[in-house]
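Peer 1: Just dropping this structure here.
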Amino acid sequence: MANLRAWRARAPFTYEFIYRRTPDVTAVDDGLCLSMAWGNSRGRMVDCFLSQGNTQTSELVQSWAQVRQSSDDVASAITQTTFDLPQRGHMGGIKSLLSAFNSDEVPVLHKNQKKDDYAHAITGLKLRDEGRVLFGCAMERVMVWTTDSIQQRESLLLLDGVDGVYDVGRDFVVASSMTGEVGVWKSASRNYMWRYNDTRRLRCDMDDMPVVSSLHVTPSDDGAFVGYSHGALAYCDFRVPYMKSVTSFAGAVRCIESTTGHCVVVGTDGGSLSLLDMRFARSESSSSIVRTYEQPVQAPITAIRSCPHDPRVFAVAVGTNVHIYNCEPRDSRCLLFTHEAHQSKVMDLGWHPSPEFSYTIGSVELGSGHGSGEFQIWRPSDFIL
């Protein structure tokens with residue numbers, strides 16, 4: 001193509017595929033990808049933190065809800081990678097989509113094998129405090145690091161152990177316990193404030209204790225939504241020591257994410273994707289579910305992320321694909337775009353928070369063999385959003 005820039009102007013791509021990167025397998029044996037978090041940006045240079053693991057780590061993460069047992073063979077690492085990321089429309093230096101797809105020119109500037117004392121997988125990376133603090137879940141505890149050196153700063157514990165599920169708000173950290181309770185910490189405090197123990201109201205005639213499968217702190221930072229393995233969804237207000245039931249779904253609630261206005265999106269193990277109005281949810285109204293989205297393929301939903309630059313738009317990881325939805329479509333078209341470049345299960349994704357890289361998405365796939373975990377950077381076109 002003699003003049004790629006002119007050709008792109010005449011025929012805009014549905015999206016720009018910037019990098020496809022197989023992480024350095026020397027960070028940890030097998031190099032499988034578990035989670036990601038965007039770091040700070042300095043001009044065109046942006047940081048990304050990746051959580052990697054070996055095959056035993058992958059098996060632990062995916063079977064934790066049933067087994068809850070670690071192994072001495074589990075190993076994980078957090079790597080910090082810096083990318084020279086082009087801004088939207090500044091893609092003239094890329095010769096073709098194929099060369100961008102196969103690019104291996106992204107240097108790994110820093111890597112640190114930081115495994116906690118109990119040999120658990122480190123997953124669920126979340127960056128807070130303007131990029132200075134990195135959170136991760138080591139299955140039985142919430143770990144806190146400083147990003148300048150990836151040195152562990154704190155370890156948040158519950159008396160009966162964190163159960164692999166947590167979330168971080170502006171001032172609060174919430175995590176589930178082995179007995180189905182929810183622990184709440186004030187940020188930067190290693191002591192939990194209190195625990196909510198109202199699971200008996202959510203048993204729904206089940207004999208077994210329900211397991212917390214998802215947590216999401218609300219944007220107002222005054223409460224959190226709690227999803228359960230038997231499909232119940234509850235809301236706990238940080239100002240009062242009890243939870244109230246909201247609604248229920250057919251499968252385990254795996255993902256909860258706030259979108260525009262008073263709404264949240266909920267994804268389940270069964271692949272259902274629903275939009276709830278929080279105003280009705282807090283009053284326990286049966287009409288809290290205002291929309292159900294059709295999924296191209298019915299598979300467990302592993303991640304939902306709302307776009308920081310456009311709260312109407314959110315991304316959903318389902319199987320090996322990432323779907324982009326609009327929760328307030330101008331017509332009946334809610335599904336805007338599907339990213340189909342991953343070859344194995346997508347474990348995590350994230351929109352870059354900087355306006356300079358608006359609509360830029362990073363997504364990681366687990367991988368199925370030695371060195372097969374991948375981190376991909378791409379962005380949908382303004383044309384489809």
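Naming works like this for the structure tokens: A, B, ... for the chains as they're shown, residue 1 at the start of each chain, ligands 1 onward in shown order.
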Give me the residues near A:Glu328 as JSON, numbers by chain, where near means some atom within 10 Å (using only C-alpha atoms) and where sequence neighbours in that chain fewer than 6 positions away do not count.
Peer 2: {"A": [260, 311, 312, 313, 334]}
Peer 1: With only C-alpha atoms as the atoms that count, which of A:Gly373, A:Gly350, A:Gly164, A:Gly362 lies nearest to A:Leu60?
Peer 2: A:Gly164
Peer 1: Can I get the residues of stretch 113-179 of chain A within 9 Å of stretch 208-230 of chain A, each with the closest pair of atoms and their distance in Å to one decimal, using only C-alpha atoms, sorted chain first then ascending number, as a Markdown table?
Peer 2:
```
| residue | atom | partner | partner_atom | distance |
| --- | --- | --- | --- | --- |
| A:Asp163 | CA | A:Val212 | CA | 8.0 |
| A:Gly164 | CA | A:Ser213 | CA | 8.5 |
| A:Val165 | CA | A:Ser214 | CA | 6.1 |
| A:Tyr166 | CA | A:Leu215 | CA | 5.9 |
| A:Asp167 | CA | A:His216 | CA | 5.8 |
| A:Val168 | CA | A:Val217 | CA | 6.6 |
| A:Gly169 | CA | A:Val217 | CA | 5.4 |
| A:Arg170 | CA | A:Asp221 | CA | 6.2 |
| A:Asp171 | CA | A:Asp221 | CA | 7.0 |
| A:Phe172 | CA | A:Asp221 | CA | 7.2 |
| A:Val173 | CA | A:Val217 | CA | 8.0 |
| A:Val174 | CA | A:Leu215 | CA | 7.4 |
| A:Ala175 | CA | A:Leu215 | CA | 7.3 |
| A:Ser176 | CA | A:Val212 | CA | 6.1 |
| A:Ser177 | CA | A:Val212 | CA | 7.9 |
| A:Met178 | CA | A:Val211 | CA | 7.7 |
| A:Thr179 | CA | A:Met209 | CA | 7.3 |
```
Peer 1: Find, counting only C-alpha atoms, the residue in A:Cys327, A:Ile78, A:Leu32, A:Ile377 that gets nearest to A:His339.
Peer 2: A:Ile377
Peer 1: Within 9 Å of A:His352, counting only C-alpha atoms, which residues show up once you throw out same-chain ones fewer than 3 positions away? Write them as a PyMOL selection string, please.
Peer 2: chain A and resi 37-39+307-308+355+357-362
Peer 1: Within 12 Å of A:Tyr293, counting only C-alpha atoms, which residues show up once you throw out same-chain ones fewer than 2 positions away? Write them as a ChimeraX atom specification, please.
Peer 2: /A:265-267,271-276,289-291,295-298,316,323-329,332-336
Peer 1: Can you list every residue in stretch 161-333 of chain A that DSSP puts in strand (DSSP E), as an MDAnalysis selection string?
Peer 2: chainID A and resid 162:168 172:177 182:186 192:196 212:217 223:228 232:237 243:248 253:258 263:268 273:277 289:293 301:306 313:318 321:326
Peer 1: Give the answer as one residue: which of A:Tyr196, A:Leu157, A:Ser35, A:Leu85 has the shortest atom-to-atom distance to A:Gly124, using only C-alpha atoms?
Peer 2: A:Ser35
Peer 1: So how many Å separate atom CA of A:Gln343 and atom CA of A:Arg254, to one decimal?
Peer 2: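 Between atom CA of A:Gln343 and atom CA of A:Arg254 the gap is 21.7 Å.
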Peer 1: Using only C-alpha atoms for the distances, tell me which of A:Gly231, A:Ser71, A:Val133, A:Leu158 is nearest to A:Glu59.
Peer 2: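 Result for the nearest residue to A:Glu59: A:Ser71.
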Peer 1: What is the distance between atom CA of A:Thr57 and atom CA of A:Ser306, in Å to one decimal?
Peer 2: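 Pair atom CA of A:Thr57 / atom CA of A:Ser306 returns 27.7 Å.
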Peer 1: What does the distance from atom CA of A:Phe49 to atom CA of A:Thr81 come to in Å, to one decimal?
Peer 2: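 Straight-line distance from atom CA of A:Phe49 to atom CA of A:Thr81 works out to 6.4 Å.
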Peer 1: Kindly indicate which residue among A:Thr338, A:Pro300, A:Leu233, A:Arg379 lies nearest to A:Pro86, using only C-alpha atoms for the distances.
Peer 2: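 Ranked by minimum distance to A:Pro86, first place goes to A:Arg379.
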Peer 1: Can you pull out every residue within 8 Å of A:Val46, counting only C-alpha atoms, but drop anything in the same chain fewer than 2 positions away, and send it as a list in words?
Peer 2: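 With the cut-off at 8 Å, the set is Trp38, Gly39, Asn40, Ser41, Arg42, Gly43, Arg44, Cys48, Thr82, Phe83, Asp84 and Leu85 of chain A.
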